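Text of structure02.tsv, listed as TSV, C-alpha atoms:
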chain	number	residue	atom	x	y	z
A	26	MET	CA	54.45	27.99	-120.14
A	27	ARG	CA	55.94	24.57	-120.95
A	28	ASN	CA	54.27	24.50	-124.38
A	29	GLU	CA	55.52	28.01	-125.14
A	30	ASN	CA	59.12	27.04	-124.25
A	31	LEU	CA	58.83	23.87	-126.31
A	32	THR	CA	57.52	25.86	-129.29
A	33	LYS	CA	60.35	28.39	-128.96
A	34	LEU	CA	62.97	25.66	-128.66
A	35	THR	CA	61.57	23.86	-131.71
A	36	LEU	CA	61.51	27.05	-133.77
A	37	ALA	CA	65.04	27.94	-132.60
A	38	GLY	CA	66.28	24.54	-133.78
A	39	MET	CA	64.51	24.99	-137.10
A	40	PHE	CA	66.01	28.47	-137.62
A	41	ALA	CA	69.49	27.18	-136.70
A	42	ALA	CA	69.10	24.35	-139.21
A	43	LEU	CA	67.90	26.73	-141.93
A	44	ALA	CA	70.84	29.10	-141.34
A	45	PHE	CA	73.17	26.09	-141.43
A	46	CYS	CA	71.68	24.82	-144.70
A	47	CYS	CA	71.84	28.24	-146.36
A	48	PHE	CA	75.53	28.56	-145.55
A	49	SER	CA	76.43	24.96	-146.30
A	50	TYR	CA	74.51	24.46	-149.52
A	51	LEU	CA	73.32	27.79	-150.89
A	52	ARG	CA	76.33	30.06	-150.57
A	53	ILE	CA	78.09	31.74	-153.45
A	54	GLU	CA	81.85	32.08	-153.08
A	55	ILE	CA	83.42	34.99	-154.91
A	56	PRO	CA	87.22	35.39	-155.26
A	57	MET	CA	88.27	38.60	-153.49
A	58	GLY	CA	92.01	38.52	-154.17
A	59	LEU	CA	94.99	37.39	-152.09
A	60	GLY	CA	93.55	33.89	-151.98
A	61	LEU	CA	90.46	35.01	-150.06
A	62	THR	CA	86.88	34.37	-151.05
A	63	GLY	CA	83.80	36.34	-150.14
A	64	LYS	CA	80.79	34.29	-149.14
A	65	ILE	CA	77.36	35.56	-150.07
A	66	TYR	CA	74.39	33.73	-148.58
A	67	ILE	CA	71.00	34.35	-147.00
A	68	GLY	CA	71.69	32.54	-143.72
A	69	HIS	CA	71.38	35.85	-141.91
A	70	ALA	CA	67.72	35.93	-142.89
A	71	PHE	CA	67.04	33.10	-140.46
A	72	ILE	CA	69.00	34.76	-137.67
A	73	ILE	CA	66.99	37.94	-138.21
A	74	LEU	CA	63.74	36.00	-138.42
A	75	SER	CA	64.58	34.00	-135.31
A	76	ALA	CA	65.34	37.17	-133.37
A	77	LEU	CA	62.10	38.80	-134.51
A	78	VAL	CA	59.99	35.76	-133.65
A	79	LEU	CA	61.75	34.41	-130.55
A	80	GLY	CA	63.53	37.38	-129.03
A	81	ALA	CA	67.10	37.74	-127.84
A	82	LYS	CA	67.62	34.53	-125.87
A	83	TYR	CA	66.51	31.93	-128.41
A	84	GLY	CA	66.95	34.10	-131.48
A	85	ALA	CA	70.56	35.08	-130.88
A	86	LEU	CA	71.62	31.59	-129.82
A	87	SER	CA	69.93	29.81	-132.72
A	88	GLY	CA	71.74	31.87	-135.32
A	89	ALA	CA	75.06	31.68	-133.52
A	90	ILE	CA	74.83	27.91	-133.15
A	91	GLY	CA	73.58	27.28	-136.70
A	92	LEU	CA	76.29	29.24	-138.49
A	93	THR	CA	79.05	28.17	-136.10
A	94	LEU	CA	78.25	24.53	-136.85
A	95	ALA	CA	78.22	25.37	-140.55
A	96	ASP	CA	81.72	26.85	-140.24
A	97	VAL	CA	83.05	23.81	-138.38
A	98	LEU	CA	81.52	21.28	-140.76
A	99	ALA	CA	82.56	23.23	-143.87
A	100	GLY	CA	86.20	23.22	-142.76
A	101	TYR	CA	86.38	26.84	-141.54
A	102	THR	CA	87.24	25.75	-137.99
A	103	THR	CA	89.29	28.83	-137.14
A	104	SER	CA	86.34	30.99	-138.17
A	105	ALA	CA	83.94	29.30	-135.75
A	106	PRO	CA	84.65	31.35	-132.56
A	107	PRO	CA	84.32	34.76	-134.25
A	108	THR	CA	81.26	33.50	-136.13
A	109	PHE	CA	79.58	32.54	-132.86
A	110	VAL	CA	80.20	35.98	-131.34
A	111	ALA	CA	79.28	37.93	-134.48
A	112	LYS	CA	76.08	36.02	-135.19
A	113	PHE	CA	75.04	36.18	-131.55
A	114	LEU	CA	75.45	39.97	-131.74
A	115	LEU	CA	73.43	40.06	-134.97
A	116	GLY	CA	70.54	38.15	-133.40
A	117	TRP	CA	70.73	40.06	-130.13
A	118	SER	CA	70.78	43.47	-131.85
A	119	VAL	CA	67.77	42.62	-134.04
A	120	ALA	CA	65.85	41.36	-131.00
A	121	PHE	CA	66.85	44.40	-128.94
A	122	LEU	CA	65.82	46.84	-131.63
A	123	ALA	CA	62.53	45.08	-132.39
A	124	HIS	CA	61.38	44.14	-128.91
A	125	ARG	CA	63.00	46.66	-126.55
A	126	ALA	CA	63.74	49.82	-128.50
A	127	MET	CA	60.76	49.83	-130.89
A	128	ARG	CA	58.31	47.60	-128.95
A	129	LEU	CA	57.16	45.35	-131.79
A	130	ALA	CA	54.46	43.71	-129.67
A	131	ASP	CA	52.89	47.08	-128.84
A	132	ALA	CA	53.19	48.57	-132.33
A	133	ALA	CA	50.03	49.36	-134.23
A	134	PRO	CA	49.39	47.01	-137.18
A	135	GLU	CA	50.29	49.70	-139.70
A	136	GLN	CA	53.62	50.35	-137.92
A	137	ARG	CA	54.71	46.72	-137.54
A	138	ASN	CA	56.23	46.57	-141.02
A	139	ARG	CA	58.38	49.62	-140.32
A	140	VAL	CA	59.53	48.18	-137.00
A	141	ILE	CA	60.42	44.84	-138.61
A	142	VAL	CA	62.36	46.46	-141.46
A	143	ALA	CA	64.12	48.93	-139.14
A	144	ALA	CA	65.18	46.17	-136.72
A	145	ALA	CA	66.39	43.92	-139.56
A	146	VAL	CA	68.35	46.74	-141.22
A	147	GLY	CA	69.71	47.98	-137.88
A	148	GLY	CA	70.87	44.52	-136.85
A	149	SER	CA	72.48	44.00	-140.24
A	150	ILE	CA	74.35	47.28	-139.90
A	151	VAL	CA	75.59	46.17	-136.48
A	152	ASN	CA	76.79	42.93	-138.11
A	153	VAL	CA	78.53	44.71	-140.99
A	154	LEU	CA	80.38	46.92	-138.49
A	155	THR	CA	81.20	44.40	-135.75
A	156	GLU	CA	81.92	41.15	-137.57
A	157	PRO	CA	84.98	42.46	-139.46
A	158	LEU	CA	86.35	43.88	-136.19
A	159	ILE	CA	85.76	40.60	-134.36
A	160	ARG	CA	87.41	38.63	-137.15
A	161	PHE	CA	90.35	41.04	-137.36
A	162	GLY	CA	90.92	40.85	-133.60
A	163	PHE	CA	90.68	37.07	-133.55
A	164	LYS	CA	93.03	36.57	-136.49
A	165	TYR	CA	95.57	39.17	-135.37
A	166	PHE	CA	95.60	38.72	-131.58
A	167	VAL	CA	94.59	35.08	-131.12
A	168	LEU	CA	95.78	33.29	-134.25
A	169	GLY	CA	98.81	35.54	-134.75
A	170	TYR	CA	98.23	36.41	-138.40
A	171	ALA	CA	100.19	39.31	-139.86
A	172	TYR	CA	98.45	42.67	-139.55
A	173	GLN	CA	98.01	43.04	-143.32
A	174	VAL	CA	96.47	39.57	-143.68
A	175	ALA	CA	94.06	40.15	-140.81
A	176	TYR	CA	93.18	43.59	-142.22
A	177	VAL	CA	92.49	42.32	-145.74
A	178	SER	CA	90.44	39.48	-144.28
A	179	ALA	CA	88.39	42.00	-142.26
A	180	VAL	CA	87.75	44.13	-145.36
A	181	ASN	CA	86.74	40.99	-147.25
A	182	CYS	CA	84.36	40.13	-144.41
A	183	ALA	CA	82.83	43.64	-144.41
A	184	VAL	CA	82.12	43.46	-148.13
A	185	SER	CA	80.65	39.95	-147.87
A	186	MET	CA	78.44	40.89	-144.92
A	187	ALA	CA	77.20	44.07	-146.61
A	188	VAL	CA	76.30	42.25	-149.82
A	189	SER	CA	74.69	39.33	-147.92
A	190	ALA	CA	72.68	41.70	-145.76
A	191	ILE	CA	70.55	42.97	-148.64
A	192	PRO	CA	68.86	39.71	-149.69
A	193	SER	CA	68.86	38.48	-146.08
A	194	VAL	CA	66.81	41.46	-144.87
A	195	MET	CA	64.38	41.09	-147.77
A	196	VAL	CA	63.90	37.35	-147.19
A	197	ALA	CA	63.56	37.80	-143.41
A	198	VAL	CA	60.90	40.49	-143.74
A	199	LEU	CA	58.98	38.48	-146.33
A	200	LEU	CA	59.09	35.29	-144.24
A	201	TYR	CA	58.08	37.19	-141.10
A	202	LYS	CA	54.98	38.44	-142.91
A	203	VAL	CA	54.18	34.87	-143.99
A	204	LEU	CA	54.69	33.51	-140.46
A	205	GLN	CA	52.62	36.32	-139.03
A	206	THR	CA	49.52	34.97	-140.75
A	207	GLY	CA	49.97	31.44	-139.35
A	208	VAL	CA	52.43	30.27	-136.72
A	209	LEU	CA	52.86	33.61	-134.97
A	210	ARG	CA	49.16	34.27	-134.70
A	211	ASN	CA	48.38	30.75	-133.42
A	212	HIS	CA	51.11	30.75	-130.76
A	213	GLN	CA	51.21	34.47	-129.83
A	214	LEU	CA	54.87	34.74	-130.79
A	215	GLY	CA	56.51	37.76	-132.39

Could you render the structure as structure tokens?
Amino acid sequence: MRNENLTKLTLAGMFAALAFCCFSYLRIEIPMGLGLTGKIYIGHAFIILSALVLGAKYGALSGAIGLTLADVLAGYTTSAPPTFVAKFLLGWSVAFLAHRAMRLADAAPEQRNRVIVAAAVGGSIVNVLTEPLIRFGFKYFVLGYAYQVAYVSAVNCAVSMAVSAIPSVMVAVLLYKVLQTGVLRNHQLG
């Protein structure tokens, strides 16, 4: 039990660091108008992967912590609270879909790929729908931004999350298959 928790904690830290690095160093910023930029990155891949491998507790927290730290250290301090909530929901929804709703551990080998893809896509859809709402609410109600500014920012977020979701899901599924042949098999994770 102690070794399993240590392995999960180590992997959670690694996934948080990878999500952090993807946002901090591998993001593409695209001007979206009104002084806003859309950020496209594959950091979500490591949140999805973490949730698939580690489940809701470690998976959701690792992604939330990794990308929240990335926001703070990149100078997006006011984005950090909504990032934490949104990325936690992303990780939690992937873990819920994979492990509770579709029973990844009990799935037949030929069905595992479908479960992994469905959970990754489903969690990404949850993120595309909830993150703009969370950001709108935070900017409008907490920070006091004008309605139009908060709205445009939410639309910008929805577009960025939708575009980022595509490569993130592909990378997460590919990396899960790679991990499945080594780490996951040796430690009975995922």

For atom CA of Leu122 of chain A and atom CA of Ala144 of chain A, quote the distance in Å rounded to one decimal.
-> 5.2 Å

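Of note, atom CA of Asp96 of chain A and atom CA of Phe109 of chain A are spaced 9.6 Å apart.
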
Near segment 77-94 of chain A, within 9 Å and counting all atoms listed in the file, which residues show up once chain neighbours fewer than 2 positions away are dropped, as a VMD selection string?
-> chain A and resid 33 to 34 36 to 46 48 to 49 68 to 69 71 to 75 96 to 99 102 104 to 121 123 to 124 129 141 144 to 145 201 204 209 214 to 215

Between atom CA of Ala130 of chain A and atom CA of Gln205 of chain A, what is the distance, to one decimal in Å?
-> 12.1 Å

Near-Phe161 of chain A list (8 Å; only C-alpha atoms; drop same-chain fewer than 5 positions) as a PDB file with C-alpha atoms, in the coordinates of the input:
ATOM      1  CA  ALA A 175      94.060  40.150-140.810  1.00  0.00           C
ATOM      2  CA  TYR A 176      93.180  43.590-142.220  1.00  0.00           C
ATOM      3  CA  SER A 178      90.440  39.480-144.280  1.00  0.00           C
ATOM      4  CA  ALA A 179      88.390  42.000-142.260  1.00  0.00           C
TER       5      ALA A 179
END

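The smallest atom-to-atom distance between Leu199 of chain A and any of A:Leu31, A:Met127, A:Cys47, A:Val142, using all atoms listed in the file, is found for A:Val142.
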
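Proximity ranking of A:Ile65, A:Leu154, A:Val188, A:Phe166 relative to Tyr50 of chain A places A:Ile65 first, based on only C-alpha atoms.
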
If you count only C-alpha atoms, which residues fall within 9 Å of Ile191 of chain A, apart from same-chain ones fewer than 3 positions away, as an NGL selection string?
-> :A and (67 or 146 or 149 or 186-188 or 194-196)

Around the point (82.2, 43.1, -144.0) in the file's coordinates, collect all residues with an atom within 6 Å, using only C-alpha atoms, and return them as a PDB file with C-alpha atoms, in the frame of the given file.
ATOM      1  CA  VAL A 153      78.530  44.710-140.990  1.00  0.00           C
ATOM      2  CA  PRO A 157      84.980  42.460-139.460  1.00  0.00           C
ATOM      3  CA  VAL A 180      87.750  44.130-145.360  1.00  0.00           C
ATOM      4  CA  ASN A 181      86.740  40.990-147.250  1.00  0.00           C
ATOM      5  CA  CYS A 182      84.360  40.130-144.410  1.00  0.00           C
ATOM      6  CA  ALA A 183      82.830  43.640-144.410  1.00  0.00           C
ATOM      7  CA  VAL A 184      82.120  43.460-148.130  1.00  0.00           C
ATOM      8  CA  SER A 185      80.650  39.950-147.870  1.00  0.00           C
ATOM      9  CA  MET A 186      78.440  40.890-144.920  1.00  0.00           C
ATOM     10  CA  ALA A 187      77.200  44.070-146.610  1.00  0.00           C
TER      11      ALA A 187
END

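Proximity to Asn138 of chain A was assessed for A:Val151, A:Ala197, A:Ile55, A:Lys64 counting all atoms listed in the file; the smallest distance is recorded for A:Ala197.
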
Around all the atoms of segment 64-73 of chain A listed in the file, with 6 Å of room on each side, what axis-aligned box do you get, giving centre and edge lengths in Å to one decimal, as lines of an AutoDock Vina configuration file?
center_x = 73.9
center_y = 35.2
center_z = -143.9
size_x = 25.8
size_y = 17.4
size_z = 24.4

Of the candidates A:Ala133, A:Ala190, A:Val167, A:Ala95, which one gets nearest to Gly147 of chain A if we count all atoms listed in the file?
-> A:Ala190

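You can rank A:Gly169, A:Gly207, A:Val198, A:Tyr66 by their closest distance to Val140 of chain A using all atoms listed in the file, and at the top of that list sits A:Val198.
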
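Among the candidates A:Ile53, A:Ser193, A:Thr103, A:Asn28, the one nearest to Gly148 of chain A when counting only C-alpha atoms is A:Ser193.
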
Mind writing segment 50-204 of chain A to a file for me, with C-alpha atoms, as an mmCIF file, in the first residue's frame?
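Result saved to result-v4.cif:
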data_model
loop_
_atom_site.group_PDB
_atom_site.id
_atom_site.type_symbol
_atom_site.label_atom_id
_atom_site.label_comp_id
_atom_site.auth_asym_id
_atom_site.auth_seq_id
_atom_site.Cartn_x
_atom_site.Cartn_y
_atom_site.Cartn_z
ATOM 1 C CA TYR A 50 7.460 26.557 -22.730
ATOM 2 C CA LEU A 51 5.460 24.915 -25.507
ATOM 3 C CA ARG A 52 2.385 27.106 -25.849
ATOM 4 C CA ILE A 53 1.434 29.002 -28.961
ATOM 5 C CA GLU A 54 -0.227 32.360 -28.362
ATOM 6 C CA ILE A 55 -2.588 33.530 -31.075
ATOM 7 C CA PRO A 56 -4.041 37.081 -31.140
ATOM 8 C CA MET A 57 -7.831 36.856 -30.798
ATOM 9 C CA GLY A 58 -8.722 40.552 -30.962
ATOM 10 C CA LEU A 59 -9.477 43.151 -28.292
ATOM 11 C CA GLY A 60 -6.000 42.649 -26.862
ATOM 12 C CA LEU A 61 -6.685 39.019 -25.948
ATOM 13 C CA THR A 62 -4.605 36.043 -26.961
ATOM 14 C CA GLY A 63 -5.658 32.445 -27.309
ATOM 15 C CA LYS A 64 -3.265 29.902 -25.872
ATOM 16 C CA ILE A 65 -2.910 26.572 -27.621
ATOM 17 C CA TYR A 66 -0.909 23.897 -25.824
ATOM 18 C CA ILE A 67 -0.936 20.186 -25.044
ATOM 19 C CA GLY A 68 -0.805 20.527 -21.253
ATOM 20 C CA HIS A 69 -4.259 18.987 -21.056
ATOM 21 C CA ALA A 70 -2.775 15.751 -22.372
ATOM 22 C CA PHE A 71 -0.995 15.261 -19.066
ATOM 23 C CA ILE A 72 -4.106 16.041 -17.041
ATOM 24 C CA ILE A 73 -6.023 13.478 -19.102
ATOM 25 C CA LEU A 74 -3.198 10.956 -18.822
ATOM 26 C CA SER A 75 -2.887 11.526 -15.083
ATOM 27 C CA ALA A 76 -6.619 10.997 -14.598
ATOM 28 C CA LEU A 77 -6.551 7.805 -16.670
ATOM 29 C CA VAL A 78 -3.546 6.390 -14.829
ATOM 30 C CA LEU A 79 -4.091 7.662 -11.284
ATOM 31 C CA GLY A 80 -7.822 8.233 -10.986
ATOM 32 C CA ALA A 81 -9.727 11.225 -9.678
ATOM 33 C CA LYS A 82 -7.838 12.059 -6.490
ATOM 34 C CA TYR A 83 -4.273 12.254 -7.787
ATOM 35 C CA GLY A 84 -5.169 12.842 -11.425
ATOM 36 C CA ALA A 85 -7.408 15.847 -10.905
ATOM 37 C CA LEU A 86 -5.113 17.473 -8.361
ATOM 38 C CA SER A 87 -1.936 17.004 -10.388
ATOM 39 C CA GLY A 88 -3.356 18.791 -13.405
ATOM 40 C CA ALA A 89 -4.928 21.540 -11.348
ATOM 41 C CA ILE A 90 -1.716 22.190 -9.443
ATOM 42 C CA GLY A 91 0.556 21.998 -12.497
ATOM 43 C CA LEU A 92 -1.368 24.467 -14.643
ATOM 44 C CA THR A 93 -2.213 26.773 -11.739
ATOM 45 C CA LEU A 94 1.490 27.106 -10.958
ATOM 46 C CA ALA A 95 2.137 27.727 -14.645
ATOM 47 C CA ASP A 96 -0.391 30.577 -14.617
ATOM 48 C CA VAL A 97 1.128 32.154 -11.511
ATOM 49 C CA LEU A 98 4.709 31.906 -12.739
ATOM 50 C CA ALA A 99 3.826 33.117 -16.258
ATOM 51 C CA GLY A 100 2.245 36.280 -14.859
ATOM 52 C CA TYR A 101 -1.416 35.256 -15.270
ATOM 53 C CA THR A 102 -2.059 35.517 -11.525
ATOM 54 C CA THR A 103 -5.723 36.475 -11.842
ATOM 55 C CA SER A 104 -6.270 33.391 -14.005
ATOM 56 C CA ALA A 105 -4.915 30.997 -11.377
ATOM 57 C CA PRO A 106 -8.111 30.417 -9.300
ATOM 58 C CA PRO A 107 -10.343 29.637 -12.302
ATOM 59 C CA THR A 108 -7.554 27.523 -13.790
ATOM 60 C CA PHE A 109 -7.391 25.417 -10.630
ATOM 61 C CA VAL A 110 -11.149 24.788 -10.648
ATOM 62 C CA ALA A 111 -11.386 24.163 -14.401
ATOM 63 C CA LYS A 112 -8.417 21.796 -14.580
ATOM 64 C CA PHE A 113 -9.577 19.936 -11.487
ATOM 65 C CA LEU A 114 -12.932 19.414 -13.223
ATOM 66 C CA LEU A 115 -11.155 18.239 -16.378
ATOM 67 C CA GLY A 116 -9.144 15.637 -14.476
ATOM 68 C CA TRP A 117 -12.075 14.584 -12.327
ATOM 69 C CA SER A 118 -14.422 14.174 -15.306
ATOM 70 C CA VAL A 119 -11.896 12.062 -17.252
ATOM 71 C CA ALA A 120 -11.305 9.874 -14.191
ATOM 72 C CA PHE A 121 -15.039 9.571 -13.512
ATOM 73 C CA LEU A 122 -15.833 8.611 -17.082
ATOM 74 C CA ALA A 123 -12.947 6.142 -17.371
ATOM 75 C CA HIS A 124 -13.046 4.489 -13.975
ATOM 76 C CA ARG A 125 -16.639 4.824 -12.744
ATOM 77 C CA ALA A 126 -18.906 5.189 -15.759
ATOM 78 C CA MET A 127 -17.064 2.938 -18.235
ATOM 79 C CA ARG A 128 -15.049 0.741 -15.814
ATOM 80 C CA LEU A 129 -11.663 0.891 -17.533
ATOM 81 C CA ALA A 130 -10.148 -1.730 -15.225
ATOM 82 C CA ASP A 131 -12.883 -4.246 -16.083
ATOM 83 C CA ALA A 132 -12.976 -3.522 -19.818
ATOM 84 C CA ALA A 133 -11.935 -6.251 -22.206
ATOM 85 C CA PRO A 134 -8.589 -5.583 -23.931
ATOM 86 C CA GLU A 135 -10.282 -4.819 -27.242
ATOM 87 C CA GLN A 136 -12.595 -2.270 -25.553
ATOM 88 C CA ARG A 137 -9.928 -0.424 -23.550
ATOM 89 C CA ASN A 138 -8.998 1.856 -26.454
ATOM 90 C CA ARG A 139 -12.615 2.940 -26.882
ATOM 91 C CA VAL A 140 -12.963 3.613 -23.162
ATOM 92 C CA ILE A 141 -9.746 5.665 -23.092
ATOM 93 C CA VAL A 142 -10.725 7.738 -26.132
ATOM 94 C CA ALA A 143 -14.308 8.238 -24.904
ATOM 95 C CA ALA A 144 -13.144 9.363 -21.446
ATOM 96 C CA ALA A 145 -10.534 11.727 -22.911
ATOM 97 C CA VAL A 146 -13.002 13.245 -25.382
ATOM 98 C CA GLY A 147 -15.766 13.435 -22.764
ATOM 99 C CA GLY A 148 -13.506 15.154 -20.241
ATOM 100 C CA SER A 149 -12.316 17.587 -22.895
ATOM 101 C CA ILE A 150 -15.912 18.438 -23.776
ATOM 102 C CA VAL A 151 -16.608 19.091 -20.096
ATOM 103 C CA ASN A 152 -13.576 21.407 -20.049
ATOM 104 C CA VAL A 153 -14.620 23.270 -23.212
ATOM 105 C CA LEU A 154 -18.069 23.867 -21.696
ATOM 106 C CA THR A 155 -17.161 24.638 -18.079
ATOM 107 C CA GLU A 156 -13.891 26.555 -18.254
ATOM 108 C CA PRO A 157 -15.328 29.540 -20.181
ATOM 109 C CA LEU A 158 -18.222 29.711 -17.691
ATOM 110 C CA ILE A 159 -15.856 29.548 -14.719
ATOM 111 C CA ARG A 160 -13.636 32.249 -16.211
ATOM 112 C CA PHE A 161 -16.612 34.448 -17.099
ATOM 113 C CA GLY A 162 -18.023 34.157 -13.581
ATOM 114 C CA PHE A 163 -14.681 34.868 -11.956
ATOM 115 C CA LYS A 164 -13.915 37.892 -14.129
ATOM 116 C CA TYR A 165 -17.418 39.358 -13.949
ATOM 117 C CA PHE A 166 -18.441 38.625 -10.356
ATOM 118 C CA VAL A 167 -15.112 38.478 -8.499
ATOM 119 C CA LEU A 168 -12.786 40.775 -10.430
ATOM 120 C CA GLY A 169 -15.539 43.179 -11.506
ATOM 121 C CA TYR A 170 -14.753 43.260 -15.220
ATOM 122 C CA ALA A 171 -17.369 44.714 -17.548
ATOM 123 C CA TYR A 172 -19.844 42.161 -18.881
ATOM 124 C CA GLN A 173 -18.622 42.531 -22.471
ATOM 125 C CA VAL A 174 -14.972 42.040 -21.499
ATOM 126 C CA ALA A 175 -15.765 38.964 -19.422
ATOM 127 C CA TYR A 176 -17.942 37.601 -22.244
ATOM 128 C CA VAL A 177 -15.309 38.090 -24.945
ATOM 129 C CA SER A 178 -12.713 36.533 -22.657
ATOM 130 C CA ALA A 179 -14.993 33.503 -22.133
ATOM 131 C CA VAL A 180 -15.489 33.086 -25.892
ATOM 132 C CA ASN A 181 -11.727 33.364 -26.366
ATOM 133 C CA CYS A 182 -11.263 30.684 -23.709
ATOM 134 C CA ALA A 183 -13.817 28.364 -25.358
ATOM 135 C CA VAL A 184 -12.051 28.614 -28.710
ATOM 136 C CA SER A 185 -8.616 28.057 -27.145
ATOM 137 C CA MET A 186 -9.812 25.049 -25.129
ATOM 138 C CA ALA A 187 -11.553 23.486 -28.132
ATOM 139 C CA VAL A 188 -8.481 23.839 -30.342
ATOM 140 C CA SER A 189 -6.126 22.624 -27.579
ATOM 141 C CA ALA A 190 -8.341 19.627 -26.856
ATOM 142 C CA ILE A 191 -7.688 17.979 -30.217
ATOM 143 C CA PRO A 192 -3.911 17.460 -29.962
ATOM 144 C CA SER A 193 -4.180 16.923 -26.196
ATOM 145 C CA VAL A 194 -6.553 13.973 -26.596
ATOM 146 C CA MET A 195 -4.367 12.451 -29.313
ATOM 147 C CA VAL A 196 -1.179 12.808 -27.255
ATOM 148 C CA ALA A 197 -2.855 11.493 -24.081
ATOM 149 C CA VAL A 198 -4.217 8.393 -25.814
ATOM 150 C CA LEU A 199 -0.884 7.700 -27.501
ATOM 151 C CA LEU A 200 1.082 8.123 -24.260
ATOM 152 C CA TYR A 201 -1.403 5.961 -22.349
ATOM 153 C CA LYS A 202 -0.818 3.156 -24.844
ATOM 154 C CA VAL A 203 2.948 3.551 -24.384
ATOM 155 C CA LEU A 204 2.656 3.557 -20.582
#
